[in-house]
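**Student:** One structure coming up, written as structure tokens, with questions to follow.
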Amino acid sequence: MVEINKNAQLSQHLTSSSVAALGHSSELDGSHLTPHFTLGELCKTSVKTADGNIPSHVHIENLRRLCRWLERLRKRWNERYGSLTPNPSPKGEGNSDDPIVINSGYRSEAVNKAVGGAKGSNHLTGCAVDIRVAGMEQLLRYAVILLDIADEGREDFDELLMERNAKGTYWLHFAVRPEGNRRKIVFLRV
């Protein structure tokens, strides 16, 4: 059984937090995929499903691969642009690096269907994330950094989709498959 706001659209799912999402992610938050990204963060959702949106071991390995790219994005962003948005560490650790904020990562079939995600979405295999951005400038800079990482490391990604909804909210969809990456780069209005 899926409990959702029947009026919710995919773009709302990507840009909003919920008690359900926060409660679910806290169960998985202790499991770090990489130094700055947790399993809970990559599985959070505003949709409550019977399956709990729990990834398999294969999905988790795909999320780890993706997070290695996200770590490099985070590092380069902070080296190049520093902390453009004031964001002191809530724990008082003195670390003012900008985090990479994930709106959506792994989605079970039930979650993907509930939010109106594409059939065959890379989210279903743990190969994609939607990254929150402050606006078009940050969206473009993230995209350029990821393209640079791909070119310099001679690594491929599957999708780099710069998306915008009708309300003017931007986000970056980024996907990396274990093999068969297409290097698809698109601007989308959803």
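Each chain in the structure tokens gets a letter, A, B, ..., in the order shown, and its residues are numbered from 1; ligands are numbered from 1 in order too.
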Restrict the calculation to only C-alpha atoms, then for each residue of region 75-150 of chain A with any atom at most 12 Å from an atom of region 156-169 of chain A give the closest atom pair and their distance in Å to one decimal, rows by chain and rising residue number, as CSV.

**Tutor:**
residue,atom,partner,partner_atom,distance
A:Ser121,CA,A:Glu159,CA,10.6
A:Asn122,CA,A:Asp158,CA,8.9
A:His123,CA,A:Glu159,CA,11.3
A:Cys127,CA,A:Asp158,CA,8.8
A:Ala128,CA,A:Glu159,CA,8.2
A:Val129,CA,A:Leu160,CA,10.0
A:Asp130,CA,A:Leu161,CA,9.1
A:Ile131,CA,A:Met162,CA,9.9
A:Arg132,CA,A:Thr169,CA,9.1
A:Val133,CA,A:Thr169,CA,8.5
A:Ala134,CA,A:Thr169,CA,8.6
A:Gly135,CA,A:Thr169,CA,7.3
A:Met136,CA,A:Thr169,CA,8.9
A:Glu137,CA,A:Met162,CA,11.3
A:Gln138,CA,A:Met162,CA,10.8
A:Leu139,CA,A:Met162,CA,7.0
A:Leu140,CA,A:Met162,CA,8.0
A:Arg141,CA,A:Met162,CA,11.0
A:Tyr142,CA,A:Met162,CA,9.8
A:Ala143,CA,A:Leu160,CA,7.2
A:Val144,CA,A:Leu160,CA,10.1
A:Ile145,CA,A:Leu160,CA,11.3
A:Leu146,CA,A:Leu160,CA,8.5
A:Leu147,CA,A:Leu160,CA,8.8
A:Asp148,CA,A:Asp156,CA,10.9
A:Ile149,CA,A:Asp156,CA,9.3
A:Ala150,CA,A:Asp156,CA,5.7

**Student:** With only C-alpha atoms as the counted atoms, please give the residues lying no more than 9 Å from Asn53 (chain A), apart from itself and same-chain residues fewer than 3 positions off, as a list in words.

**Tutor:**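 Everything that qualifies: His24, Cys43, Lys44, Thr45, Val47, Lys48, Thr49, Ala50, Tyr106, Arg107, Ser108, Glu109, Ala110 and Val111 of chain A.
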
**Student:** Would you mind telling me which residue in A:His59, A:Ile54, A:Pro35, A:Arg183 lies nearest to Arg74 (chain A) when using only C-alpha atoms?

**Tutor:**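 The answer is A:Pro35, which sits nearest to Arg74 (chain A).
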
**Student:** Extract the full set of helix (DSSP H, G or I) residues from region 122-161 of chain A according to DSSP on the backbone, and format it as a list in words.

**Tutor:**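 Selection result, helix (DSSP H, G or I) within region 122-161 of chain A: Asn122, His123, Leu124, Thr125, Met136, Glu137, Gln138, Leu139, Leu140, Arg141, Tyr142, Ala143, Val144, Ile145, Leu146, Leu147, Asp148, Ile149, Ala150, Asp151, Glu152 and Gly153 of chain A.
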